[in-house]
$ cat entry_18.txt   # compact mmCIF, C-alpha atoms and all ligand atoms
# COMPACT_ATOMS: atom_id res chain seq x y z
CA MET U 152 0.00 0.00 0.00
CA LEU U 153 2.85 2.36 0.82
CA GLY U 154 4.58 1.78 -2.50
CA PRO U 155 2.20 3.90 -4.63
CA VAL U 156 2.29 6.72 -2.05
CA LEU U 157 6.08 6.78 -2.12
CA LEU U 158 6.11 6.65 -5.92
CA ALA U 159 3.78 9.66 -6.02
CA ALA U 160 6.05 11.39 -3.47
CA SER U 161 9.07 10.69 -5.70
CA ARG U 162 7.74 13.36 -8.08
CA SER U 163 6.90 16.01 -5.45
CA ASP U 164 9.22 19.01 -5.39
CA ARG U 165 8.02 20.04 -1.94
CA LEU U 166 8.87 16.66 -0.41
CA ARG U 167 12.14 16.62 -2.31
CA ARG U 168 13.18 19.76 -0.40
CA VAL U 169 12.05 18.39 2.98
CA VAL U 170 13.76 15.00 2.56
CA ALA U 171 16.97 16.46 1.14
CA ALA U 172 17.28 18.98 3.98
CA ALA U 173 16.85 16.43 6.78
CA PRO U 174 20.31 15.85 8.33
CA VAL U 175 19.64 12.16 8.91
CA THR U 176 18.87 11.46 5.27
CA ARG U 177 22.44 11.20 4.02
CA PRO U 178 23.53 7.95 5.69
CA VAL U 179 20.39 6.24 4.39
CA VAL U 180 20.91 7.61 0.88
CA ASP U 181 24.51 6.38 0.99
CA ARG U 182 23.27 2.83 1.16
CA PHE U 183 21.93 3.17 -2.40
CA VAL U 184 23.96 6.02 -3.95
CA ALA U 185 27.74 5.98 -4.42
CA GLY U 186 28.34 9.61 -3.49
CA ASP U 187 27.39 13.10 -4.61
CA ALA U 188 30.10 13.39 -7.25
CA LEU U 189 32.16 11.41 -9.72
CA HIS U 190 35.28 11.18 -7.57
CA PRO U 191 33.81 9.15 -4.67
CA ALA U 192 31.78 7.09 -7.17
CA MET U 193 35.05 6.08 -8.87
CA ASP U 194 36.31 4.68 -5.54
CA THR U 195 33.23 2.44 -5.50
CA VAL U 196 33.80 1.46 -9.13
CA HIS U 197 37.41 0.44 -8.37
CA THR U 198 36.31 -1.61 -5.35
CA LEU U 199 33.57 -3.40 -7.29
CA THR U 200 35.68 -4.16 -10.37
CA ALA U 201 38.58 -5.36 -8.20
CA GLY U 202 36.09 -7.80 -6.68
CA GLY U 203 35.21 -9.28 -10.08
CA LEU U 204 32.02 -7.27 -10.66
CA ASP U 205 31.29 -5.16 -13.74
CA VAL U 206 29.45 -1.84 -13.42
CA THR U 207 27.07 0.46 -15.22
CA LEU U 208 27.16 4.06 -13.96
CA ASP U 209 24.17 6.36 -13.69
CA HIS U 210 24.82 10.10 -13.29
CA LEU U 211 21.63 10.80 -11.34
CA GLY U 212 19.05 13.16 -12.78
CA GLU U 213 15.67 13.00 -14.47
CA ASP U 214 12.70 15.09 -15.59
CA VAL U 215 14.83 17.94 -16.94
CA THR U 216 12.74 20.85 -18.19
CA ASP U 217 15.25 23.13 -19.93
CA ARG U 218 17.84 22.71 -22.66
CA ALA U 219 20.78 24.01 -20.63
CA THR U 220 20.29 21.37 -17.91
CA ALA U 221 19.93 18.69 -20.59
CA ARG U 222 23.31 19.77 -22.01
CA HIS U 223 24.82 19.63 -18.50
CA THR U 224 23.65 16.03 -18.26
CA ARG U 225 25.34 15.24 -21.58
CA ASP U 226 28.56 16.93 -20.41
CA ALA U 227 28.52 15.06 -17.10
CA TYR U 228 28.36 11.77 -19.03
CA LEU U 229 31.19 12.87 -21.33
CA ARG U 230 33.34 13.57 -18.26
CA LEU U 231 32.35 10.22 -16.81
CA LEU U 232 33.34 8.35 -19.98
CA GLU U 233 36.68 10.19 -20.16
CA THR U 234 37.35 9.26 -16.54
CA LEU U 235 36.49 5.59 -17.13
CA ALA U 236 38.75 5.50 -20.20
CA LEU U 237 41.64 7.09 -18.29
CA ALA U 238 41.18 4.48 -15.57
CA GLY U 239 41.36 1.74 -18.23
CA LEU U 240 37.89 0.50 -17.34
CA GLY U 241 36.29 0.57 -20.81
CA ASP U 242 35.68 -3.18 -20.84
CA ARG U 243 34.35 -3.37 -17.25
CA ALA U 244 32.24 -0.23 -16.97
CA GLU U 245 29.47 1.13 -19.15
CA VAL U 246 26.93 3.91 -18.56
CA SER U 247 23.15 3.99 -18.06
CA VAL U 248 21.21 7.08 -19.06
CA LYS U 249 17.71 8.38 -18.46
CA LEU U 250 16.51 10.23 -21.54
CA SER U 251 14.33 12.53 -19.42
CA ALA U 252 17.61 13.97 -18.11
CA PHE U 253 18.69 14.60 -21.72
CA GLY U 254 15.63 16.70 -22.54
CA GLN U 255 13.11 14.08 -23.72
CA ALA U 256 10.20 15.80 -21.94
CA LEU U 257 10.86 19.30 -23.32
CA PRO U 258 7.63 20.52 -24.92
CA ASP U 259 9.33 21.73 -28.05
CA GLY U 260 11.07 18.86 -29.85
CA GLY U 261 12.17 17.06 -26.68
CA HIS U 262 12.64 13.73 -28.46
CA ASP U 263 15.14 15.22 -30.93
CA VAL U 264 16.94 17.19 -28.21
CA ALA U 265 17.40 14.00 -26.19
CA LEU U 266 18.54 12.08 -29.28
CA GLU U 267 21.20 14.63 -30.18
CA ASN U 268 22.47 14.89 -26.60
CA VAL U 269 22.64 11.15 -26.08
CA ARG U 270 24.20 10.62 -29.51
CA ALA U 271 27.27 12.55 -28.32
CA VAL U 272 27.49 10.21 -25.32
CA ALA U 273 27.12 7.10 -27.50
CA GLU U 274 29.87 8.37 -29.82
CA LEU U 275 32.34 8.81 -26.98
CA ALA U 276 31.29 5.47 -25.48
CA THR U 277 32.06 3.70 -28.78
CA ALA U 278 35.33 5.58 -29.16
CA THR U 279 36.42 4.53 -25.66
CA GLY U 280 35.38 0.90 -26.07
CA THR U 281 32.25 0.85 -23.98
CA THR U 282 28.46 1.05 -24.30
CA VAL U 283 25.39 3.01 -23.25
CA THR U 284 22.16 1.50 -21.94
CA LEU U 285 18.95 3.54 -22.13
CA ASP U 286 17.08 3.19 -18.84
CA MET U 287 13.30 2.97 -19.19
CA GLU U 288 11.13 5.50 -17.38
CA ASP U 289 7.34 5.78 -17.18
CA HIS U 290 5.14 4.27 -19.90
CA THR U 291 4.58 7.57 -21.71
CA THR U 292 8.26 7.56 -22.71
CA VAL U 293 8.59 4.01 -24.05
CA ASP U 294 7.90 4.71 -27.75
CA SER U 295 10.27 7.65 -27.80
CA THR U 296 12.99 5.75 -25.93
CA LEU U 297 12.77 2.74 -28.26
CA ALA U 298 12.88 5.07 -31.28
CA VAL U 299 16.07 6.66 -29.89
CA LEU U 300 17.45 3.16 -29.35
CA HIS U 301 16.85 2.22 -33.01
CA GLU U 302 18.48 5.46 -34.20
CA LEU U 303 21.55 4.97 -31.99
CA ARG U 304 21.95 1.29 -32.84
CA ARG U 305 22.58 2.13 -36.51
CA ASP U 306 26.00 3.55 -35.62
CA HIS U 307 26.38 2.13 -32.12
CA PRO U 308 24.95 -1.41 -32.22
CA GLY U 309 26.00 -2.10 -28.62
CA THR U 310 23.49 0.42 -27.24
CA GLY U 311 21.27 -1.37 -24.72
CA ALA U 312 17.58 -1.07 -23.91
CA VAL U 313 15.51 -1.75 -20.81
CA LEU U 314 12.12 -3.49 -20.85
CA GLN U 315 9.74 -3.54 -17.87
CA SER U 316 7.73 -6.72 -17.36
CA TYR U 317 4.84 -4.87 -15.68
CA LEU U 318 3.87 -3.31 -19.03
CA PHE U 319 1.43 -5.32 -21.15
CA ARG U 320 3.40 -4.46 -24.29
CA THR U 321 6.72 -5.86 -23.08
CA GLU U 322 6.49 -9.42 -24.38
CA ASP U 323 6.01 -8.05 -27.91
CA ASP U 324 8.82 -5.53 -27.44
CA ALA U 325 11.07 -8.35 -26.22
CA ARG U 326 10.32 -10.34 -29.38
CA GLY U 327 11.28 -7.35 -31.50
CA LEU U 328 14.54 -6.86 -29.62
CA ALA U 329 15.69 -10.49 -29.27
CA THR U 330 17.95 -10.19 -32.29
CA ALA U 331 21.67 -10.64 -32.82
CA GLY U 332 23.80 -8.12 -30.94
CA SER U 333 20.84 -6.58 -29.12
CA ARG U 334 21.46 -5.92 -25.42
CA VAL U 335 18.26 -5.91 -23.37
CA ARG U 336 17.99 -5.45 -19.61
CA LEU U 337 14.76 -6.95 -18.34
CA VAL U 338 13.39 -5.46 -15.10
CA LYS U 339 10.02 -5.64 -13.35
CA GLY U 340 9.48 -1.86 -13.49
CA ALA U 341 9.79 0.86 -10.86
CA TYR U 342 7.18 3.52 -11.72
CA LYS U 343 3.54 3.98 -10.75
CA GLU U 344 1.62 2.87 -13.83
CA PRO U 345 -2.13 2.86 -14.52
CA ALA U 346 -4.12 -0.37 -14.89
CA HIS U 347 -4.77 0.16 -18.60
CA VAL U 348 -1.08 -0.28 -19.45
CA ALA U 349 0.44 -2.38 -16.67
CA PHE U 350 -0.18 -5.40 -14.46
CA GLN U 351 -0.96 -4.24 -10.91
CA ASP U 352 -0.56 -7.61 -9.19
CA ARG U 353 2.99 -8.63 -8.24
CA ARG U 354 2.41 -12.26 -9.25
CA ALA U 355 1.24 -11.17 -12.70
CA VAL U 356 4.35 -8.99 -13.03
CA ASP U 357 6.51 -11.98 -12.06
CA ARG U 358 4.78 -14.28 -14.56
CA ALA U 359 5.24 -11.64 -17.28
CA TYR U 360 8.91 -11.38 -16.30
CA VAL U 361 9.37 -15.10 -16.85
CA ARG U 362 7.61 -14.95 -20.24
CA ALA U 363 9.81 -12.09 -21.45
CA LEU U 364 12.91 -13.76 -20.00
CA ARG U 365 12.12 -16.86 -22.05
CA VAL U 366 11.74 -14.77 -25.23
CA LEU U 367 15.08 -13.07 -24.63
CA PHE U 368 17.00 -16.24 -23.75
CA GLU U 369 15.55 -18.15 -26.70
CA GLY U 370 16.39 -15.29 -29.06
CA ASP U 371 19.75 -14.26 -30.50
CA GLY U 372 20.39 -11.17 -28.40
CA TYR U 373 22.26 -10.53 -25.18
CA PRO U 374 19.87 -10.76 -22.18
CA MET U 375 20.68 -8.70 -19.09
CA VAL U 376 18.73 -10.02 -16.11
CA GLY U 377 18.02 -6.94 -13.97
CA SER U 378 16.53 -8.44 -10.82
CA HIS U 379 17.33 -9.29 -7.20
CA ASP U 380 14.57 -11.89 -7.10
CA PRO U 381 16.07 -15.35 -6.37
CA ARG U 382 13.32 -17.04 -8.42
CA MET U 383 14.00 -14.93 -11.52
CA ILE U 384 17.73 -15.55 -11.16
CA ALA U 385 17.23 -19.32 -10.87
CA ILE U 386 14.89 -19.35 -13.89
CA ALA U 387 17.40 -17.33 -15.94
CA GLN U 388 20.17 -19.77 -15.03
CA ASP U 389 17.92 -22.65 -16.03
CA LEU U 390 17.10 -21.02 -19.38
CA ALA U 391 20.79 -20.35 -19.98
CA ALA U 392 21.64 -24.00 -19.26
CA ARG U 393 18.83 -25.34 -21.45
CA GLY U 394 19.83 -23.04 -24.32
CA ARG U 395 23.49 -23.99 -23.82
CA ARG U 396 24.38 -20.34 -23.46
CA ALA U 397 27.96 -19.84 -22.38
CA PRO U 398 28.69 -17.47 -19.45
CA GLY U 399 29.35 -14.12 -21.08
CA SER U 400 26.51 -14.50 -23.61
CA TYR U 401 24.14 -13.00 -21.01
CA GLU U 402 24.59 -11.25 -17.67
CA PHE U 403 22.97 -10.53 -14.33
CA GLN U 404 22.53 -6.99 -13.05
CA MET U 405 21.68 -5.67 -9.59
CA LEU U 406 21.50 -2.26 -7.98
CA TYR U 407 24.33 -0.91 -5.84
CA GLY U 408 23.68 -1.70 -2.17
CA ILE U 409 21.04 -4.38 -2.70
CA ARG U 410 21.78 -8.08 -2.06
CA THR U 411 25.53 -7.54 -2.15
CA ALA U 412 26.36 -11.05 -0.89
CA GLU U 413 24.30 -12.50 -3.74
CA GLN U 414 26.15 -10.24 -6.20
CA ARG U 415 29.47 -11.68 -5.06
CA ARG U 416 28.13 -15.23 -4.99
CA LEU U 417 26.98 -15.10 -8.61
CA ALA U 418 30.27 -13.59 -9.76
CA ALA U 419 32.24 -16.24 -7.83
CA ALA U 420 30.10 -18.91 -9.51
CA GLY U 421 31.36 -17.68 -12.90
CA GLU U 422 28.38 -15.54 -13.91
CA ARG U 423 28.92 -12.09 -15.37
CA MET U 424 27.49 -9.77 -12.72
CA ARG U 425 27.08 -6.05 -13.34
CA ILE U 426 26.26 -3.52 -10.62
CA TYR U 427 24.21 -0.42 -11.41
CA VAL U 428 26.03 2.40 -9.61
CA PRO U 429 24.16 5.71 -9.28
CA TYR U 430 25.97 8.85 -8.17
CA GLY U 431 25.34 12.59 -8.10
CA ALA U 432 23.44 15.23 -6.20
CA ASP U 433 20.04 14.63 -7.80
CA TRP U 434 19.35 11.38 -5.92
CA TYR U 435 15.81 12.07 -4.67
CA GLY U 436 13.70 10.30 -7.35
CA TYR U 437 16.00 7.27 -7.45
CA PHE U 438 16.07 7.03 -3.65
CA MET U 439 12.29 7.24 -3.28
CA ARG U 440 11.82 4.44 -5.84
CA ARG U 441 14.14 2.23 -3.76
CA LEU U 442 12.08 3.01 -0.63
CA ALA U 443 8.88 2.21 -2.53
CA GLU U 444 10.17 -1.20 -3.57
CA ARG U 445 10.59 -2.41 -0.05
CA PRO U 446 8.71 -1.34 3.12
CA ALA U 447 11.71 -2.43 5.22
CA ASN U 448 13.78 0.33 3.57
CA LEU U 449 11.22 2.90 4.64
CA ALA U 450 11.28 1.60 8.23
CA PHE U 451 15.09 1.85 8.18
CA PHE U 452 14.82 5.42 6.89
CA LEU U 453 12.19 6.46 9.45
CA ARG U 454 14.09 4.86 12.35
CA SER U 455 17.02 7.14 11.58
CA PHE U 456 14.81 10.13 12.51
CA ALA U 457 14.27 8.76 16.04
CA PRO U 458 16.41 10.34 18.79
CA SER U 459 19.18 7.94 19.86
P1 LIG J 501 11.37 -7.73 -6.21
O1 LIG J 501 10.34 -8.80 -6.19
O2 LIG J 501 10.91 -6.31 -6.07
O3 LIG J 501 12.47 -8.00 -5.12
C1 LIG J 501 13.06 -9.27 -4.92
C2 LIG J 501 13.95 -9.19 -3.69
O4 LIG J 501 15.03 -8.28 -3.97
C3 LIG J 501 13.27 -8.59 -2.47
O5 LIG J 501 12.61 -9.57 -1.73
C4 LIG J 501 14.46 -8.01 -1.73
O6 LIG J 501 15.20 -9.04 -1.06
C5 LIG J 501 15.32 -7.49 -2.84
N1 LIG J 501 15.02 -6.07 -3.16
C6 LIG J 501 14.38 -5.60 -4.26
N2 LIG J 501 14.32 -4.26 -4.23
C7 LIG J 501 14.92 -3.87 -3.11
C8 LIG J 501 15.18 -2.61 -2.51
N3 LIG J 501 14.82 -1.46 -3.08
N4 LIG J 501 15.83 -2.59 -1.32
C9 LIG J 501 16.23 -3.73 -0.71
N5 LIG J 501 16.02 -4.96 -1.23
C10 LIG J 501 15.37 -5.04 -2.40
N6 LIG J 501 13.28 -0.04 -13.29
C11 LIG J 501 12.77 0.72 -14.29
O7 LIG J 501 11.57 0.98 -14.31
N7 LIG J 501 13.60 1.19 -15.28
C12 LIG J 501 14.92 0.90 -15.33
O8 LIG J 501 15.61 1.34 -16.25
C13 LIG J 501 15.47 0.08 -14.30
N8 LIG J 501 16.78 -0.25 -14.29
C14 LIG J 501 17.22 -1.16 -13.37
C15 LIG J 501 18.55 -1.62 -13.44
C16 LIG J 501 18.97 -2.66 -12.62
C17 LIG J 501 20.37 -3.17 -12.76
C18 LIG J 501 18.06 -3.24 -11.68
C19 LIG J 501 18.47 -4.38 -10.81
C20 LIG J 501 16.79 -2.73 -11.54
C21 LIG J 501 16.36 -1.69 -12.37
N9 LIG J 501 15.07 -1.18 -12.26
C22 LIG J 501 14.58 -0.38 -13.27
C23 LIG J 501 14.23 -1.45 -11.05
C24 LIG J 501 13.31 -2.63 -11.25
O9 LIG J 501 12.28 -2.29 -12.15
C25 LIG J 501 12.67 -3.07 -9.93
O10 LIG J 501 11.92 -2.04 -9.39
C26 LIG J 501 13.65 -3.52 -8.87
O11 LIG J 501 14.74 -4.21 -9.43
C27 LIG J 501 12.97 -4.49 -7.87
O12 LIG J 501 12.53 -5.64 -8.54
P2 LIG J 501 13.20 -7.09 -8.36
O13 LIG J 501 13.24 -7.74 -9.71
O14 LIG J 501 14.50 -6.97 -7.69
O15 LIG J 501 12.16 -7.95 -7.57

$ encode --input "entry_18.txt" --output "structure tokens" --more "lines below"
Ligand code: FAD
Amino acid sequence: MLGPVLLAASRSDRLRRVVAAAPVTRPVVDRFVAGDALHPAMDTVHTLTAGGLDVTLDHLGEDVTDRATARHTRDAYLRLLETLALAGLGDRAEVSVKLSAFGQALPDGGHDVALENVRAVAELATATGTTVTLDMEDHTTVDSTLAVLHELRRDHPGTGAVLQSYLFRTEDDARGLATAGSRVRLVKGAYKEPAHVAFQDRRAVDRAYVRALRVLFEGDGYPMVGSHDPRMIAIAQDLAARGRRAPGSYEFQMLYGIRTAEQRRLAAAGERMRIYVPYGADWYGYFMRRLAERPANLAFFLRSFAPS
């Protein structure tokens, strides 16, 4: 019940100010976010990669409403890619982007603004030997995001997409994307979606996840299993074994700070395991979605307000 309330709160500017100003917030945010800036995030990246984990970095930000901020997002990603290249991490670290931070929602030609901004990022990613994955946001953005994906993949075929199993359309989208060279991260979905586009029942979302997983593993693409759910992980491993997929022809992905022992266990078992590492000052929306996913996170957050 709390999940939808928190998801609605994740888009409230007033609450954003209250939560961000609370002195106790920071330690809780730090569980999910690898620092306010690139420098501390790179310490996390070095620790994770030294431990046999790959990473995808997210410079936090979303719902940008002016062109200048959209360009700042692009420039932050260019700096990030330069830093990864200098650190020699091109083959271990890629980047994840939210097109709403690149201007997708601008009323006047937002789609094209986002495409041009993200194209610059994809060009530098290719030049430095790495890739970009386009995160998926709420359902109103899916057509635009997949259109950007198709544009980028012409010159940058390694560009990845994200599909959300809670959307009715996803099984069809998965079929369209299960082609050679196509990198697809399958997740359950983190936004508050209406009943005419998305399953509302968790079990239905899980069943849809398994259906889409099967489509991706039976296809010719590169499935990226974005889930912490032990059942989904076991089913993916089973599909990989049945399809005789070699390790490295698919991967698991989890979020920074969530099920870290399981992350290490899968990597030690020979699976490719990639950690999604968010960093930056604009952590509010991301943080609230993590609270919404799990009531225990909210309890942990609220307990930190209690006097000790
Ligand atoms: P759940 O059934 O929600 O969780 C399974 C178990 O995982 C829980 O029992 C718990 O042990 C653990 N767990 C899950 N979430 C949390 C949490 N917040 N805190 C603590 N423990 C937790 N969503 C999008 O809509 N668009 C994206 O682009 C996107 N990218 C993602 C990238 C990665 C690498 C991952 C892992 C997730 C991404 N998500 C994205 C979020 C996703 O949609 C889900 O909201 C989230 O992963 C929780 O679903 P789950 O599959 O882990 O299963």

$ axis_aligned_box --input "entry_18.txt" --around "ligand LIG 501 (chain J)" --padding-each-side "5 Å" --output "JSON"
{"center_x": 15.4, "center_y": -4.1, "center_z": -8.5, "size_x": 20.0, "size_y": 20.9, "size_z": 25.5}

$ residues_near_ligand --input "entry_18.txt" --ligand "ligand LIG 501 (chain J)" --cutoff "6 Å" --atoms "all atoms listed in the file" --output "PDB file with C-alpha atoms, keeping the file's coordinate frame"
ATOM      1  CA  ASP U 286      17.080   3.190 -18.840  1.00  0.00           C
ATOM      2  CA  MET U 287      13.300   2.970 -19.190  1.00  0.00           C
ATOM      3  CA  GLU U 288      11.130   5.500 -17.380  1.00  0.00           C
ATOM      4  CA  VAL U 313      15.510  -1.750 -20.810  1.00  0.00           C
ATOM      5  CA  VAL U 338      13.390  -5.460 -15.100  1.00  0.00           C
ATOM      6  CA  LYS U 339      10.020  -5.640 -13.350  1.00  0.00           C
ATOM      7  CA  GLY U 340       9.480  -1.860 -13.490  1.00  0.00           C
ATOM      8  CA  ALA U 341       9.790   0.860 -10.860  1.00  0.00           C
ATOM      9  CA  TYR U 342       7.180   3.520 -11.720  1.00  0.00           C
ATOM     10  CA  GLY U 377      18.020  -6.940 -13.970  1.00  0.00           C
ATOM     11  CA  SER U 378      16.530  -8.440 -10.820  1.00  0.00           C
ATOM     12  CA  HIS U 379      17.330  -9.290  -7.200  1.00  0.00           C
ATOM     13  CA  ASP U 380      14.570 -11.890  -7.100  1.00  0.00           C
ATOM     14  CA  GLN U 404      22.530  -6.990 -13.050  1.00  0.00           C
ATOM     15  CA  MET U 405      21.680  -5.670  -9.590  1.00  0.00           C
ATOM     16  CA  LEU U 406      21.500  -2.260  -7.980  1.00  0.00           C
ATOM     17  CA  ILE U 409      21.040  -4.380  -2.700  1.00  0.00           C
ATOM     18  CA  TYR U 427      24.210  -0.420 -11.410  1.00  0.00           C
ATOM     19  CA  ARG U 441      14.140   2.230  -3.760  1.00  0.00           C
ATOM     20  CA  LEU U 442      12.080   3.010  -0.630  1.00  0.00           C
ATOM     21  CA  GLU U 444      10.170  -1.200  -3.570  1.00  0.00           C
ATOM     22  CA  ARG U 445      10.590  -2.410  -0.050  1.00  0.00           C
TER      23      ARG U 445
END

$ atom_distance --input "entry_18.txt" --atom1 "CA of Leu300 (chain U)" --atom2 "CA of Ala160 (chain U)"
29.5 Å

$ atom_distance --input "entry_18.txt" --atom1 "CA of Met439 (chain U)" --atom2 "CA of Leu158 (chain U)"
6.7 Å

$ atom_distance --input "entry_18.txt" --atom1 "CA of His290 (chain U)" --atom2 "CA of Asp164 (chain U)"
21.1 Å

$ residues_near_point --input "entry_18.txt" --point "(22.2, -17.2, -16.9)" --cutoff "9 Å" --atoms "all atoms listed in the file" --output "VMD selection string"
chain U and resid 368 374 to 376 384 to 392 396 to 403 422 to 423

$ write_last_selection --input "entry_18.txt" --atoms "C-alpha atoms" --output "mmCIF file, keeping the file's coordinate frame"
data_model
loop_
_atom_site.group_PDB
_atom_site.id
_atom_site.type_symbol
_atom_site.label_atom_id
_atom_site.label_comp_id
_atom_site.auth_asym_id
_atom_site.auth_seq_id
_atom_site.Cartn_x
_atom_site.Cartn_y
_atom_site.Cartn_z
ATOM 1 C CA PHE U 368 17.000 -16.240 -23.750
ATOM 2 C CA PRO U 374 19.870 -10.760 -22.180
ATOM 3 C CA MET U 375 20.680 -8.700 -19.090
ATOM 4 C CA VAL U 376 18.730 -10.020 -16.110
ATOM 5 C CA ILE U 384 17.730 -15.550 -11.160
ATOM 6 C CA ALA U 385 17.230 -19.320 -10.870
ATOM 7 C CA ILE U 386 14.890 -19.350 -13.890
ATOM 8 C CA ALA U 387 17.400 -17.330 -15.940
ATOM 9 C CA GLN U 388 20.170 -19.770 -15.030
ATOM 10 C CA ASP U 389 17.920 -22.650 -16.030
ATOM 11 C CA LEU U 390 17.100 -21.020 -19.380
ATOM 12 C CA ALA U 391 20.790 -20.350 -19.980
ATOM 13 C CA ALA U 392 21.640 -24.000 -19.260
ATOM 14 C CA ARG U 396 24.380 -20.340 -23.460
ATOM 15 C CA ALA U 397 27.960 -19.840 -22.380
ATOM 16 C CA PRO U 398 28.690 -17.470 -19.450
ATOM 17 C CA GLY U 399 29.350 -14.120 -21.080
ATOM 18 C CA SER U 400 26.510 -14.500 -23.610
ATOM 19 C CA TYR U 401 24.140 -13.000 -21.010
ATOM 20 C CA GLU U 402 24.590 -11.250 -17.670
ATOM 21 C CA PHE U 403 22.970 -10.530 -14.330
ATOM 22 C CA GLU U 422 28.380 -15.540 -13.910
ATOM 23 C CA ARG U 423 28.920 -12.090 -15.370
#

$ closest_atom_pairs --input "entry_18.txt" --of "region 396-459 of chain U" --to "region 173-186 of chain U" --cutoff "6 Å" --atoms "only C-alpha atoms" --output "CSV"
residue,atom,partner,partner_atom,distance
U:Tyr407,CA,U:Phe183,CA,5.9
U:Gly408,CA,U:Phe183,CA,5.2
U:Pro429,CA,U:Val184,CA,5.3
U:Tyr430,CA,U:Ala185,CA,5.0

$ residues_near_point --input "entry_18.txt" --point "(23.9, -12.6, -35.6)" --cutoff "9 Å" --atoms "all atoms listed in the file" --output "list in words"
Thr330, Ala331, Gly332, Asp371 and Gly372 of chain U
